[in-house]
$ cat model_6.cif   # mmCIF, C-alpha atoms
data_entry
loop_
_atom_site.group_PDB
_atom_site.id
_atom_site.type_symbol
_atom_site.label_atom_id
_atom_site.label_comp_id
_atom_site.auth_asym_id
_atom_site.auth_seq_id
_atom_site.Cartn_x
_atom_site.Cartn_y
_atom_site.Cartn_z
ATOM 1 C CA PHE T 1 72.020 104.429 158.707
ATOM 2 C CA THR T 2 69.324 101.783 159.127
ATOM 3 C CA SER T 3 67.823 103.722 162.049
ATOM 4 C CA ILE T 4 67.425 106.846 159.902
ATOM 5 C CA ILE T 5 65.866 104.829 157.089
ATOM 6 C CA SER T 6 63.559 103.130 159.628
ATOM 7 C CA LEU T 7 62.348 106.493 160.922
ATOM 8 C CA LEU T 8 61.748 107.664 157.355
ATOM 9 C CA ILE T 9 59.765 104.506 156.583
ATOM 10 C CA PHE T 10 57.604 105.030 159.699
ATOM 11 C CA PHE T 11 57.004 108.662 158.725
ATOM 12 C CA MET T 12 56.115 107.829 155.105
ATOM 13 C CA ILE T 13 53.863 104.915 156.063
ATOM 14 C CA GLY T 14 52.068 107.176 158.555
ATOM 15 C CA LYS T 15 51.352 109.693 155.806
ATOM 16 C CA ILE T 16 50.268 106.984 153.364
ATOM 17 C CA SER T 17 47.950 105.442 155.964
ATOM 18 C CA VAL T 18 46.086 108.750 156.311
ATOM 19 C CA LYS T 19 45.766 109.083 152.538
ATOM 20 C CA PHE T 20 44.388 105.544 152.120
ATOM 21 C CA LYS T 21 42.258 105.711 155.285
ATOM 22 C CA LEU T 22 44.188 102.988 157.076
ATOM 23 C CA ILE T 23 43.294 104.605 160.375
ATOM 24 C CA ASP T 24 41.834 103.328 163.615
ATOM 25 C CA ILE T 25 39.034 105.695 164.554
ATOM 26 C CA PRO T 26 38.346 106.094 168.287
ATOM 27 C CA ASN T 27 35.075 104.814 169.693
ATOM 28 C CA LYS T 28 33.754 103.887 173.125
ATOM 29 C CA ARG T 29 35.752 100.607 173.110
ATOM 30 C CA LYS T 30 39.088 102.302 172.320
ATOM 31 C CA ILE T 31 41.352 104.089 174.785
ATOM 32 C CA HIS T 32 42.941 106.479 172.288
ATOM 33 C CA LYS T 33 41.349 109.847 171.616
ATOM 34 C CA LYS T 34 42.857 110.663 168.203
ATOM 35 C CA MET T 35 42.715 108.786 164.922
ATOM 36 C CA THR T 36 45.697 106.428 164.850
ATOM 37 C CA PRO T 37 47.271 104.788 161.787
ATOM 38 C CA TYR T 38 47.312 101.011 162.067
ATOM 39 C CA THR T 39 50.192 100.555 159.705
ATOM 40 C CA GLY T 40 52.979 100.299 162.311
ATOM 41 C CA GLY T 41 53.312 96.536 161.832
ATOM 42 C CA PHE T 42 53.492 97.035 158.084
ATOM 43 C CA ALA T 43 56.218 99.663 158.556
ATOM 44 C CA ILE T 44 58.198 97.215 160.703
ATOM 45 C CA ALA T 45 57.712 94.575 157.997
ATOM 46 C CA LEU T 46 59.106 96.941 155.359
ATOM 47 C CA ILE T 47 62.070 97.564 157.631
ATOM 48 C CA PHE T 48 62.620 93.778 157.778
ATOM 49 C CA ILE T 49 62.751 93.629 153.994
ATOM 50 C CA PHE T 50 65.042 96.665 153.922
ATOM 51 C CA ILE T 51 67.379 94.950 156.396
ATOM 52 C CA ILE T 52 67.533 91.829 154.204
ATOM 53 C CA PHE T 53 68.601 93.838 151.158
ATOM 54 C CA ILE T 54 70.973 96.267 152.869
ATOM 55 C CA LEU T 55 72.770 93.911 155.240
ATOM 56 C CA ASP T 56 72.777 90.998 152.765
ATOM 57 C CA PHE T 57 72.530 88.233 155.353
ATOM 58 C CA SER T 58 74.171 85.036 154.227
ATOM 59 C CA GLU T 59 72.107 83.037 156.706
ATOM 60 C CA THR T 60 69.093 81.670 154.801
ATOM 61 C CA ASN T 61 67.109 80.912 157.964
ATOM 62 C CA LEU T 62 67.353 84.528 159.109
ATOM 63 C CA ASN T 63 66.118 85.728 155.730
ATOM 64 C CA ASN T 64 63.256 83.211 155.919
ATOM 65 C CA LEU T 65 62.353 84.483 159.394
ATOM 66 C CA LEU T 66 62.265 88.088 158.221
ATOM 67 C CA ILE T 67 60.172 87.202 155.167
ATOM 68 C CA GLY T 68 57.795 85.177 157.371
ATOM 69 C CA ALA T 69 57.464 88.165 159.693
ATOM 70 C CA PHE T 70 56.727 90.365 156.663
ATOM 71 C CA ILE T 71 53.943 88.026 155.516
ATOM 72 C CA ILE T 72 52.411 87.935 159.000
ATOM 73 C CA ALA T 73 52.537 91.752 159.148
ATOM 74 C CA ILE T 74 50.720 91.968 155.804
ATOM 75 C CA PHE T 75 47.994 89.681 157.180
ATOM 76 C CA GLY T 76 47.804 91.882 160.283
ATOM 77 C CA LEU T 77 47.284 94.948 158.110
ATOM 78 C CA LEU T 78 44.538 93.155 156.175
ATOM 79 C CA ASP T 79 42.902 92.194 159.467
ATOM 80 C CA ASP T 80 43.033 95.785 160.720
ATOM 81 C CA LYS T 81 41.530 97.104 157.489
ATOM 82 C CA PHE T 82 38.870 94.457 156.817
ATOM 83 C CA ILE T 83 38.338 92.925 160.303
ATOM 84 C CA LEU T 84 38.780 89.269 159.359
ATOM 85 C CA ASN T 85 36.925 86.522 161.202
ATOM 86 C CA VAL T 86 38.742 84.357 163.735
ATOM 87 C CA GLY T 87 39.176 81.390 161.376
ATOM 88 C CA SER T 88 40.775 83.538 158.672
ATOM 89 C CA LYS T 89 43.125 85.137 161.195
ATOM 90 C CA LEU T 90 44.156 81.720 162.505
ATOM 91 C CA ILE T 91 44.945 80.412 159.030
ATOM 92 C CA PHE T 92 46.729 83.595 157.911
ATOM 93 C CA GLN T 93 48.947 83.525 160.993
ATOM 94 C CA LEU T 94 49.606 79.796 160.984
ATOM 95 C CA LEU T 95 50.595 79.384 157.321
ATOM 96 C CA PRO T 96 53.877 81.353 157.475
ATOM 97 C CA ILE T 97 54.700 79.835 160.874
ATOM 98 C CA ILE T 98 54.165 76.290 159.629
ATOM 99 C CA TYR T 99 56.247 77.068 156.546
ATOM 100 C CA LEU T 100 59.126 78.345 158.691
ATOM 101 C CA VAL T 101 59.009 75.462 161.150
ATOM 102 C CA PHE T 102 58.536 72.564 158.735
ATOM 103 C CA TYR T 103 60.192 73.829 155.529
ATOM 104 C CA SER T 104 63.044 75.897 156.949
ATOM 105 C CA ASN T 105 63.499 73.568 159.943
ATOM 106 C CA ILE T 106 63.483 76.441 162.406
ATOM 107 C CA PHE T 107 62.237 75.042 165.686
ATOM 108 C CA LEU T 108 63.117 74.592 169.337
ATOM 109 C CA GLU T 109 64.763 71.268 170.089
ATOM 110 C CA ASP T 110 64.809 71.782 173.837
ATOM 111 C CA ILE T 111 63.695 74.374 176.357
ATOM 112 C CA GLY T 112 66.854 74.671 178.355
ATOM 113 C CA ASN T 113 69.140 72.928 180.785
ATOM 114 C CA TYR T 114 67.952 73.012 184.387
ATOM 115 C CA PRO T 115 69.639 71.948 187.628
ATOM 116 C CA LEU T 116 68.454 68.592 188.949
ATOM 117 C CA VAL T 117 66.450 67.972 185.771
ATOM 118 C CA GLY T 118 68.932 68.426 182.936
ATOM 119 C CA THR T 119 68.038 69.393 179.395
ATOM 120 C CA LEU T 120 64.333 69.313 178.638
ATOM 121 C CA GLU T 121 64.231 67.775 175.148
ATOM 122 C CA LEU T 122 61.072 68.319 173.129
ATOM 123 C CA GLY T 123 61.591 65.334 170.838
ATOM 124 C CA SER T 124 58.753 64.709 168.383
ATOM 125 C CA PHE T 125 56.734 67.517 169.984
ATOM 126 C CA ALA T 126 59.387 70.126 169.043
ATOM 127 C CA GLN T 127 57.808 71.411 165.849
ATOM 128 C CA ILE T 128 54.258 71.561 167.204
ATOM 129 C CA PHE T 129 55.543 73.282 170.359
ATOM 130 C CA THR T 130 57.391 75.875 168.250
ATOM 131 C CA VAL T 131 54.332 76.571 166.082
ATOM 132 C CA LEU T 132 52.187 77.090 169.199
ATOM 133 C CA CYS T 133 54.790 79.322 170.896
ATOM 134 C CA VAL T 134 55.174 81.577 167.863
ATOM 135 C CA TYR T 135 51.406 81.727 167.353
ATOM 136 C CA PHE T 136 50.842 82.698 170.995
ATOM 137 C CA LEU T 137 53.650 85.272 170.802
ATOM 138 C CA ILE T 138 52.043 86.912 167.780
ATOM 139 C CA ASN T 139 48.670 87.105 169.493
ATOM 140 C CA ALA T 140 50.191 88.405 172.729
ATOM 141 C CA SER T 141 51.830 91.121 170.627
ATOM 142 C CA ASN T 142 48.401 92.126 169.360
ATOM 143 C CA TYR T 143 47.388 92.921 172.940
ATOM 144 C CA LEU T 144 50.438 95.159 173.384
ATOM 145 C CA ASP T 145 49.799 96.809 170.035
ATOM 146 C CA GLY T 146 46.997 98.984 171.417
ATOM 147 C CA LEU T 147 49.317 100.656 173.921
ATOM 148 C CA ASP T 148 51.349 103.386 172.248
ATOM 149 C CA GLY T 149 55.023 102.504 172.031
ATOM 150 C CA VAL T 150 54.928 99.335 174.144
ATOM 151 C CA LEU T 151 55.072 96.867 171.265
ATOM 152 C CA ALA T 152 57.715 98.896 169.427
ATOM 153 C CA SER T 153 59.803 99.076 172.614
ATOM 154 C CA ASN T 154 59.549 95.329 173.142
ATOM 155 C CA PHE T 155 60.422 94.746 169.507
ATOM 156 C CA LEU T 156 63.527 96.940 169.712
ATOM 157 C CA ILE T 157 64.665 95.296 172.952
ATOM 158 C CA CYS T 158 64.308 91.843 171.371
ATOM 159 C CA ILE T 159 66.194 92.812 168.217
ATOM 160 C CA PHE T 160 68.971 94.462 170.248
ATOM 161 C CA SER T 161 69.199 91.403 172.526
ATOM 162 C CA LEU T 162 69.426 89.066 169.530
ATOM 163 C CA TYR T 163 72.152 91.233 168.044
ATOM 164 C CA ILE T 164 74.197 91.119 171.267
ATOM 165 C CA PHE T 165 73.590 87.378 171.632
ATOM 166 C CA ASN T 166 74.750 86.831 168.056
ATOM 167 C CA GLN T 167 77.889 88.928 168.647
ATOM 168 C CA ASN T 168 78.716 86.836 171.731
ATOM 169 C CA LEU T 169 78.302 83.612 169.722
ATOM 170 C CA GLU T 170 80.633 84.896 167.000
ATOM 171 C CA GLU T 171 83.315 85.768 169.591
ATOM 172 C CA ASP T 172 83.262 82.228 171.036
#
$ encode --input "model_6.cif" --output "structure tokens"
Amino acid sequence: FTSIISLLIFFMIGKISVKFKLIDIPNKRKIHKKMTPYTGGFAIALIFIFIIFILDFSETNLNNLLIGAFIIAIFGLLDDKFILNVGSKLIFQLLPIIYLVFYSNIFLEDIGNYPLVGTLELGSFAQIFTVLCVYFLINASNYLDGLDGVLASNFLICIFSLYIFNQNLEED
């Protein structure tokens, strides 16, 4: 059901983006040949909100993550439309991340358990490390965004992996 609704949202957002001229026009710097809507991130953000309401997650942190992702997607859409300067982009991306890390207490406490070394605890650096990792992940995603389907494929693989991981945790 959610997949069908997701496809409908992508279709509708694509049509709306043409109507409101939210379109990336090819030029000598771009690799695409046709006008391309740059509302894919916004469509994914709407799907996040849809998921919150339909699946009614009881986990507050997951809801906060999805809302944070929605806010970041809105800022991405604004950047695509108005071409924000670097400082504005930095602030617009960092604000929701900082909120999630420091207010919702969503951060990495360690980066794994390794043979011969043990668990690598982050200690007092945990929150800063998490903010930097999420910020770099968002910006790395922007590089993939220009390649048709690559970012969406990575997104779907991540969501599917998290779902399977969560199912395995619930079984234990």
$ resolve_selection --input "model_6.cif" --expression "the PyMOL selection byres ((chain T and resi 104) around 10)" --output "PyMOL selection string"
chain T and resi 60-62+64-65+98-103+105-107
$ closest_residue --input "model_6.cif" --among "T:Met35, T:Ile54, T:Leu162, T:Leu137" --to "Gly14 (chain T)" --atoms "all atoms listed in the file"
T:Met35
$ atom_distance --input "model_6.cif" --atom1 "CA of Ala73 (chain T)" --atom2 "CA of Ala45 (chain T)"
6.0 Å
$ atom_distance --input "model_6.cif" --atom1 "CA of Asp110 (chain T)" --atom2 "CA of Ile138 (chain T)"
20.7 Å
$ closest_residue --input "model_6.cif" --among "T:Phe165, T:Phe50, T:Tyr135, T:Phe155" --to "Phe92 (chain T)" --atoms "all atoms listed in the file"
T:Tyr135
$ atom_distance --input "model_6.cif" --atom1 "CA of Leu46 (chain T)" --atom2 "CA of Phe70 (chain T)"
7.1 Å
$ closest_residue --input "model_6.cif" --among "T:Leu77, T:Leu151, T:Val86, T:Ile4" --to "Ser17 (chain T)" --atoms "all atoms listed in the file"
T:Leu77
$ residues_around --input "model_6.cif" --residues "Lys34 (chain T)" --least-positions-apart "6" --cutoff "9 Å" --atoms "all atoms listed in the file" --output "PyMOL selection string"
chain T and resi 24-26
$ resolve_selection --input "model_6.cif" --expression "the PyMOL selection byres ((chain T and resi 128) around 10)" --output "list of chain:residue names"
T:Ile98, T:Val101, T:Phe102, T:Phe107, T:Leu108, T:Leu122, T:Ser124, T:Phe125, T:Ala126, T:Gln127, T:Phe129, T:Thr130, T:Val131, T:Leu132, T:Cys133
$ resolve_selection --input "model_6.cif" --expression "the PyMOL selection byres ((chain T and resi 44) around 9)" --output "MDAnalysis selection string"
chainID T and resid 6 9:10 39:43 45:49 70 73 152
$ decode --input "model_6.cif" --residues "region 92-104 of chain T" --atoms "all heavy atoms" --output "short mmCIF file (atom, residue, chain, number, x, y, z; two decimals), in the first residue's frame"
data_model
loop_
_atom_site.label_atom_id
_atom_site.label_comp_id
_atom_site.auth_asym_id
_atom_site.auth_seq_id
_atom_site.Cartn_x
_atom_site.Cartn_y
_atom_site.Cartn_z
N PHE T 92 21.24 25.72 7.22
CA PHE T 92 19.97 25.03 7.00
C PHE T 92 20.11 23.52 7.16
O PHE T 92 19.15 22.85 7.55
CB PHE T 92 19.40 25.34 5.62
CG PHE T 92 18.79 26.71 5.52
CD1 PHE T 92 18.81 27.40 4.32
CD2 PHE T 92 18.18 27.32 6.60
CE1 PHE T 92 18.24 28.65 4.20
CE2 PHE T 92 17.61 28.57 6.50
CZ PHE T 92 17.64 29.25 5.30
N GLN T 93 21.27 22.97 6.86
CA GLN T 93 21.47 21.54 7.04
C GLN T 93 21.82 21.20 8.49
O GLN T 93 21.40 20.18 9.00
CB GLN T 93 22.57 21.02 6.12
CG GLN T 93 22.17 21.01 4.67
CD GLN T 93 23.32 20.63 3.76
OE1 GLN T 93 24.47 20.57 4.16
NE2 GLN T 93 23.00 20.36 2.50
N LEU T 94 22.58 22.07 9.13
CA LEU T 94 23.04 21.76 10.48
C LEU T 94 21.96 21.92 11.54
O LEU T 94 21.94 21.16 12.52
CB LEU T 94 24.24 22.64 10.85
CG LEU T 94 25.58 22.19 10.29
CD1 LEU T 94 26.66 23.20 10.63
CD2 LEU T 94 25.95 20.81 10.79
N LEU T 95 21.04 22.86 11.38
CA LEU T 95 20.03 23.09 12.41
C LEU T 95 19.19 21.84 12.74
O LEU T 95 19.08 21.47 13.92
CB LEU T 95 19.13 24.27 12.03
CG LEU T 95 19.79 25.65 12.13
CD1 LEU T 95 18.83 26.73 11.64
CD2 LEU T 95 20.25 25.94 13.54
N PRO T 96 18.60 21.17 11.75
CA PRO T 96 17.84 19.96 12.11
C PRO T 96 18.73 18.85 12.67
O PRO T 96 18.30 18.10 13.54
CB PRO T 96 17.20 19.52 10.79
CG PRO T 96 17.40 20.61 9.83
CD PRO T 96 18.47 21.50 10.34
N ILE T 97 19.96 18.76 12.18
CA ILE T 97 20.86 17.71 12.67
C ILE T 97 21.20 17.97 14.13
O ILE T 97 21.15 17.06 14.97
CB ILE T 97 22.15 17.66 11.82
CG1 ILE T 97 21.83 17.30 10.37
CG2 ILE T 97 23.13 16.65 12.40
CD1 ILE T 97 23.00 17.52 9.42
N ILE T 98 21.54 19.20 14.44
CA ILE T 98 21.88 19.55 15.83
C ILE T 98 20.68 19.32 16.74
O ILE T 98 20.81 18.80 17.85
CB ILE T 98 22.38 21.01 15.90
CG1 ILE T 98 23.77 21.09 15.25
CG2 ILE T 98 22.41 21.52 17.33
CD1 ILE T 98 24.28 22.50 15.04
N TYR T 99 19.49 19.68 16.26
CA TYR T 99 18.27 19.43 17.05
C TYR T 99 18.12 17.94 17.35
O TYR T 99 17.86 17.56 18.50
CB TYR T 99 17.05 19.95 16.29
CG TYR T 99 15.74 19.53 16.92
CD1 TYR T 99 15.25 20.19 18.03
CD2 TYR T 99 15.03 18.44 16.42
CE1 TYR T 99 14.06 19.79 18.63
CE2 TYR T 99 13.84 18.04 17.00
CZ TYR T 99 13.37 18.71 18.10
OH TYR T 99 12.21 18.31 18.70
N LEU T 100 18.28 17.10 16.33
CA LEU T 100 18.12 15.66 16.52
C LEU T 100 19.17 15.09 17.47
O LEU T 100 18.86 14.27 18.33
CB LEU T 100 18.18 14.93 15.19
CG LEU T 100 16.97 15.11 14.29
CD1 LEU T 100 17.25 14.55 12.91
CD2 LEU T 100 15.75 14.45 14.90
N VAL T 101 20.40 15.52 17.33
CA VAL T 101 21.48 14.97 18.14
C VAL T 101 21.39 15.44 19.59
O VAL T 101 21.47 14.64 20.51
CB VAL T 101 22.86 15.32 17.53
CG1 VAL T 101 23.99 14.98 18.48
CG2 VAL T 101 23.05 14.58 16.21
N PHE T 102 21.19 16.74 19.79
CA PHE T 102 21.25 17.28 21.15
C PHE T 102 19.90 17.27 21.87
O PHE T 102 19.85 17.06 23.07
CB PHE T 102 21.85 18.68 21.14
CG PHE T 102 23.31 18.68 20.80
CD1 PHE T 102 23.74 18.93 19.51
CD2 PHE T 102 24.26 18.40 21.77
CE1 PHE T 102 25.09 18.91 19.19
CE2 PHE T 102 25.61 18.38 21.47
CZ PHE T 102 26.03 18.63 20.18
N TYR T 103 18.79 17.47 21.15
CA TYR T 103 17.49 17.47 21.80
C TYR T 103 16.92 16.06 21.91
O TYR T 103 16.44 15.66 22.97
CB TYR T 103 16.51 18.37 21.05
CG TYR T 103 15.11 18.31 21.62
CD1 TYR T 103 14.80 18.98 22.80
CD2 TYR T 103 14.11 17.58 20.99
CE1 TYR T 103 13.53 18.91 23.35
CE2 TYR T 103 12.84 17.51 21.52
CZ TYR T 103 12.55 18.17 22.70
OH TYR T 103 11.29 18.09 23.23
N SER T 104 16.97 15.32 20.84
CA SER T 104 16.40 13.96 20.83
C SER T 104 17.38 12.91 21.33
O SER T 104 17.03 11.75 21.45
CB SER T 104 15.93 13.59 19.42
OG SER T 104 14.92 14.45 18.99
#
